Amino acid sequence: MLASRLSAIKPSPTIAVSNMAAEMKAAGKDVIGLGAGEPDFDTPEHVKEAAIKAMRDGKTKYTAVDGIVELKEAIVEKFSRENNITCTRDMVTVGTGGKQVLYNALMATMDAGDEVLIPAPYWVSYPDMVLLAGGTPVTISCPEEDGFKLTPEALEAAITPKTKWLILNSPSNPTGAAYSAADLTALAEVLRRHAHVYVMVDDMYEHLVYDGFKFATVAEVAPDLQDRVLTINGVSKAYCMTGWRIGYATGPQPLIKAMAKIQSQSTSNPNSIAQWAAVAALNGPLDFMADNLVHFAARRQLVTSSLNQIDGLRCFIPEGAFYVYPSCEGLLGRKAPDGKVIESDSDFVSYLLASEGVAAVQGVAFGLEPYFRISYATSTEALEDAMGRIAKACNQLD
């Protein structure tokens, strides 16, 4: 009954971990969930008020398939104001979250045999979306010694005549690594030599950067490549609007038109109320972001310093997002109190959950082992408790 293509993909591991933690809590178990990539801060009041007004004004009908004019205009202005990217409304698409925008782009462009380059560690959905679209994901290992970032040499070596896309996520989920303008300029030099390669840029964590890091994006540092770049963003993370499900992108007009065609035959328009809320978010004050970032930065310091004090763990200090991706290599081969040997990052996160009720995500899900991902988008109290539990669990390993 089921399509054979489903055998090539798996459910999202991050969602699976969050669901497992929720089920355990519902069963009365003491669990701290560090798997979800979702800010614990509330949506700003002016955004919620805009949604209420939209409902009262009767803006509850179908809209244009890929976004209302007012939202597209706000997106055009956002790209100009914040990213130095010049675009027009017919170069903008709006979807039900950034995930749909990514999926639409792949569905609109992939043929059998087309390859998509995906730096690893990667967001868990990239390879499976490529497979669903009929393409071939090609992962490029980006080790910790390279800051978990793609180097020009690795990119050059991975490109083949079959390469259709490069997916670049900065700041990164799961590592928090971010590409500077200089990093992107070096990658752009490689891309100029390969005119058949398009670039899908996932900038969802754009505003979540630390220590004075200056965010940059490909179409900004290499405007001559703009006709080959799809720049994807959304309101989920920085605006604390995960459940509103609004993502957007700018790219070449023919691609944007093709993506709208895909969306017209799948979900049609994004939620009308959420679109008006997104207008308010993009056009409104951003002072709340600075306040939130202060808390995120303090949590990053708490988590990285705590993990780096635990024997057997090593934690890279990320430039952005709200994740850390510590190595558990130093724990492999050690024995748990029940006699089970920790042989992989999957074994370690299972042990953490069973022994101390801390839910994290295994590194194998992100394409680089032996690591695990922790989200610090939760309360400081919960993080302090979780760090203590992780230390206890590690100290109990023989």
# chains A, B, ... in the order shown; residues from 1 in each chain; ligands from 1
$ select_by_dssp --residues "segment 164-263 of chain A" --states "helix (DSSP H, G or I)" --output "NGL selection string"
:A and (181-192 or 218-221 or 223-228 or 242-244 or 253-263)
$ residues_around --residues "Val199 of chain A" --least-positions-apart "2" --cutoff "10 Å" --atoms "only C-alpha atoms" --output "list of chain:residue names"
A:Val116, A:Leu117, A:Lys164, A:Trp165, A:Leu166, A:Ile167, A:Leu168, A:Ala188, A:Leu191, A:Val197, A:Val201, A:Asp202, A:Val218, A:Ala219, A:Leu225, A:Gln226, A:Asp227, A:Arg228, A:Val229, A:Leu230, A:Thr231, A:Gly251
$ write_last_selection --atoms "N, CA and C atoms" --output "PDB file, in the first residue's frame"
ATOM      1  N   VAL A 116      22.737  16.810  -4.297  1.00  0.00           N
ATOM      2  CA  VAL A 116      22.668  17.973  -3.421  1.00  0.00           C
ATOM      3  C   VAL A 116      23.771  17.843  -2.377  1.00  0.00           C
ATOM      4  N   LEU A 117      24.659  18.826  -2.338  1.00  0.00           N
ATOM      5  CA  LEU A 117      25.761  18.815  -1.380  1.00  0.00           C
ATOM      6  C   LEU A 117      25.273  19.338  -0.036  1.00  0.00           C
ATOM      7  N   LYS A 164      23.414  19.724  -8.290  1.00  0.00           N
ATOM      8  CA  LYS A 164      22.380  20.722  -8.569  1.00  0.00           C
ATOM      9  C   LYS A 164      22.393  21.830  -7.512  1.00  0.00           C
ATOM     10  N   TRP A 165      22.496  21.444  -6.242  1.00  0.00           N
ATOM     11  CA  TRP A 165      22.402  22.400  -5.148  1.00  0.00           C
ATOM     12  C   TRP A 165      23.530  22.190  -4.141  1.00  0.00           C
ATOM     13  N   LEU A 166      23.903  23.267  -3.473  1.00  0.00           N
ATOM     14  CA  LEU A 166      24.629  23.239  -2.211  1.00  0.00           C
ATOM     15  C   LEU A 166      23.696  23.837  -1.174  1.00  0.00           C
ATOM     16  N   ILE A 167      23.491  23.135  -0.048  1.00  0.00           N
ATOM     17  CA  ILE A 167      22.699  23.680   1.057  1.00  0.00           C
ATOM     18  C   ILE A 167      23.660  24.190   2.121  1.00  0.00           C
ATOM     19  N   LEU A 168      23.496  25.458   2.487  1.00  0.00           N
ATOM     20  CA  LEU A 168      24.380  26.088   3.464  1.00  0.00           C
ATOM     21  C   LEU A 168      23.538  26.703   4.570  1.00  0.00           C
ATOM     22  N   ALA A 188      32.276  31.378  -2.379  1.00  0.00           N
ATOM     23  CA  ALA A 188      31.740  31.962  -3.614  1.00  0.00           C
ATOM     24  C   ALA A 188      32.748  31.862  -4.750  1.00  0.00           C
ATOM     25  N   LEU A 191      32.240  28.553  -6.239  1.00  0.00           N
ATOM     26  CA  LEU A 191      30.963  28.464  -6.950  1.00  0.00           C
ATOM     27  C   LEU A 191      31.014  29.187  -8.294  1.00  0.00           C
ATOM     28  N   VAL A 197      25.849  24.951 -10.408  1.00  0.00           N
ATOM     29  CA  VAL A 197      25.533  24.691  -9.007  1.00  0.00           C
ATOM     30  C   VAL A 197      24.748  25.863  -8.425  1.00  0.00           C
ATOM     31  N   VAL A 201      20.413  28.735   0.801  1.00  0.00           N
ATOM     32  CA  VAL A 201      20.970  29.296   2.016  1.00  0.00           C
ATOM     33  C   VAL A 201      19.881  29.352   3.082  1.00  0.00           C
ATOM     34  N   ASP A 202      20.095  28.643   4.177  1.00  0.00           N
ATOM     35  CA  ASP A 202      19.146  28.597   5.287  1.00  0.00           C
ATOM     36  C   ASP A 202      19.658  29.520   6.388  1.00  0.00           C
ATOM     37  N   VAL A 218      25.183  34.647   1.523  1.00  0.00           N
ATOM     38  CA  VAL A 218      25.872  34.481   0.241  1.00  0.00           C
ATOM     39  C   VAL A 218      25.513  35.574  -0.762  1.00  0.00           C
ATOM     40  N   ALA A 219      24.213  35.849  -0.938  1.00  0.00           N
ATOM     41  CA  ALA A 219      23.803  36.842  -1.936  1.00  0.00           C
ATOM     42  C   ALA A 219      24.269  38.238  -1.576  1.00  0.00           C
ATOM     43  N   LEU A 225      26.232  36.292  -7.833  1.00  0.00           N
ATOM     44  CA  LEU A 225      25.685  34.925  -7.805  1.00  0.00           C
ATOM     45  C   LEU A 225      24.205  34.904  -7.439  1.00  0.00           C
ATOM     46  N   GLN A 226      23.587  36.051  -7.281  1.00  0.00           N
ATOM     47  CA  GLN A 226      22.219  36.101  -6.763  1.00  0.00           C
ATOM     48  C   GLN A 226      21.235  35.319  -7.620  1.00  0.00           C
ATOM     49  N   ASP A 227      21.477  35.240  -8.924  1.00  0.00           N
ATOM     50  CA  ASP A 227      20.550  34.495  -9.784  1.00  0.00           C
ATOM     51  C   ASP A 227      20.699  32.991  -9.626  1.00  0.00           C
ATOM     52  N   ARG A 228      21.614  32.560  -8.733  1.00  0.00           N
ATOM     53  CA  ARG A 228      21.773  31.138  -8.431  1.00  0.00           C
ATOM     54  C   ARG A 228      21.557  30.839  -6.952  1.00  0.00           C
ATOM     55  N   VAL A 229      21.062  31.815  -6.214  1.00  0.00           N
ATOM     56  CA  VAL A 229      20.935  31.669  -4.757  1.00  0.00           C
ATOM     57  C   VAL A 229      19.475  31.789  -4.330  1.00  0.00           C
ATOM     58  N   LEU A 230      19.035  30.836  -3.513  1.00  0.00           N
ATOM     59  CA  LEU A 230      17.746  30.928  -2.836  1.00  0.00           C
ATOM     60  C   LEU A 230      18.042  31.199  -1.369  1.00  0.00           C
ATOM     61  N   THR A 231      17.677  32.395  -0.897  1.00  0.00           N
ATOM     62  CA  THR A 231      17.942  32.796   0.480  1.00  0.00           C
ATOM     63  C   THR A 231      16.682  32.596   1.312  1.00  0.00           C
ATOM     64  N   GLY A 251      14.645  34.502  -4.373  1.00  0.00           N
ATOM     65  CA  GLY A 251      15.479  33.790  -5.327  1.00  0.00           C
ATOM     66  C   GLY A 251      15.125  34.188  -6.742  1.00  0.00           C
TER      67      GLY A 251
END
$ residues_around --residues "Asp111 of chain A" --least-positions-apart "2" --cutoff "12 Å" --atoms "only C-alpha atoms" --output "list of chain:residue names"
A:Leu106, A:Met107, A:Ala108, A:Thr109, A:Gly113, A:Asp114, A:Glu115, A:Val116, A:Val130, A:Leu131, A:Leu132, A:Ala133, A:Gly134, A:Gly135, A:Thr136, A:Lys162, A:Thr163, A:Lys164, A:Trp165
$ atom_distance --atom1 "atom CA of Ile262 of chain A" --atom2 "atom CA of Trp244 of chain A"
21.1 Å
$ residues_around --residues "segment 367-378 of chain A" --least-positions-apart "5" --cutoff "8 Å" --atoms "only C-alpha atoms" --output "JSON, numbers by chain"
{"A": [34, 35, 36, 37, 38, 39, 40, 120, 121, 122, 139, 141, 143, 174, 175, 296, 299, 300, 303, 322, 323, 324, 325, 326, 327, 328, 329, 344, 345, 349, 360, 361, 362, 383]}
$ write_last_selection --atoms "N, CA and C atoms" --output "compact mmCIF listing (two decimals), in the first residue's frame"
# COMPACT_ATOMS: atom_id res chain seq x y z
N LEU A 34 15.96 18.52 26.25
CA LEU A 34 16.90 19.44 25.60
C LEU A 34 17.00 19.14 24.11
N GLY A 35 15.93 18.58 23.56
CA GLY A 35 15.96 18.20 22.16
C GLY A 35 15.32 19.19 21.21
N ALA A 36 14.41 20.02 21.70
CA ALA A 36 13.62 20.87 20.81
C ALA A 36 14.36 22.16 20.46
N GLY A 37 14.29 22.54 19.18
CA GLY A 37 14.86 23.80 18.74
C GLY A 37 13.82 24.89 18.76
N GLU A 38 13.38 25.24 19.95
CA GLU A 38 12.26 26.18 20.08
C GLU A 38 12.51 27.13 21.25
N PRO A 39 12.58 28.46 20.97
CA PRO A 39 12.78 29.41 22.07
C PRO A 39 11.68 29.29 23.12
N ASP A 40 12.06 29.45 24.38
CA ASP A 40 11.06 29.39 25.44
C ASP A 40 10.44 30.75 25.71
N ALA A 120 28.10 18.32 6.64
CA ALA A 120 27.74 17.61 7.87
C ALA A 120 28.66 18.04 9.00
N PRO A 121 28.10 18.33 10.18
CA PRO A 121 26.74 18.08 10.65
C PRO A 121 25.70 18.96 9.95
N TYR A 122 24.51 18.36 9.77
CA TYR A 122 23.44 19.04 9.05
C TYR A 122 22.14 18.93 9.84
N THR A 139 26.81 14.07 1.39
CA THR A 139 27.27 14.79 2.58
C THR A 139 28.77 15.06 2.49
N SER A 141 31.84 15.98 5.01
CA SER A 141 32.20 16.02 6.42
C SER A 141 32.93 17.33 6.74
N PRO A 143 34.66 18.63 9.93
CA PRO A 143 35.06 18.24 11.29
C PRO A 143 35.22 19.44 12.22
N PRO A 174 23.08 21.59 13.70
CA PRO A 174 23.08 21.50 15.16
C PRO A 174 24.26 22.16 15.89
N THR A 175 25.25 22.70 15.19
CA THR A 175 26.50 23.05 15.88
C THR A 175 26.55 24.49 16.37
N PHE A 296 20.16 34.10 26.02
CA PHE A 296 20.76 33.00 25.26
C PHE A 296 22.28 32.95 25.48
N ARG A 299 23.08 31.49 28.80
CA ARG A 299 22.84 30.05 28.80
C ARG A 299 23.94 29.31 28.04
N ARG A 300 24.38 29.89 26.93
CA ARG A 300 25.47 29.29 26.16
C ARG A 300 26.70 29.16 27.04
N VAL A 303 26.16 26.35 29.67
CA VAL A 303 26.20 25.00 29.13
C VAL A 303 27.60 24.61 28.67
N PHE A 322 21.06 28.37 19.09
CA PHE A 322 20.93 28.06 20.53
C PHE A 322 21.14 26.57 20.77
N TYR A 323 22.20 26.07 20.11
CA TYR A 323 22.58 24.66 20.27
C TYR A 323 24.06 24.56 20.60
N VAL A 324 24.41 23.47 21.29
CA VAL A 324 25.80 23.06 21.38
C VAL A 324 25.89 21.63 20.89
N TYR A 325 27.08 21.26 20.42
CA TYR A 325 27.28 19.94 19.79
C TYR A 325 28.54 19.31 20.40
N PRO A 326 28.44 18.89 21.66
CA PRO A 326 29.63 18.36 22.33
C PRO A 326 30.01 16.96 21.86
N SER A 327 31.30 16.70 21.93
CA SER A 327 31.82 15.37 21.62
C SER A 327 31.76 14.49 22.85
N CYS A 328 31.33 13.25 22.65
CA CYS A 328 31.35 12.28 23.74
C CYS A 328 32.36 11.17 23.45
N GLU A 329 33.31 11.47 22.58
CA GLU A 329 34.31 10.47 22.19
C GLU A 329 35.06 9.94 23.41
N SER A 344 28.64 4.22 21.33
CA SER A 344 28.30 5.21 20.31
C SER A 344 27.60 6.39 20.97
N ASP A 345 27.40 7.46 20.20
CA ASP A 345 26.65 8.59 20.74
C ASP A 345 25.20 8.22 20.99
N VAL A 349 23.25 8.94 24.58
CA VAL A 349 22.02 9.71 24.82
C VAL A 349 20.93 8.81 25.39
N ALA A 360 18.53 14.39 24.99
CA ALA A 360 19.33 15.07 23.99
C ALA A 360 19.19 14.29 22.68
N VAL A 361 19.86 14.75 21.62
CA VAL A 361 19.74 14.08 20.32
C VAL A 361 21.11 13.57 19.90
N GLN A 362 21.16 12.32 19.48
CA GLN A 362 22.41 11.69 19.10
C GLN A 362 23.01 12.30 17.82
N LEU A 383 18.41 24.19 32.71
CA LEU A 383 19.75 23.90 32.19
C LEU A 383 20.72 23.59 33.32
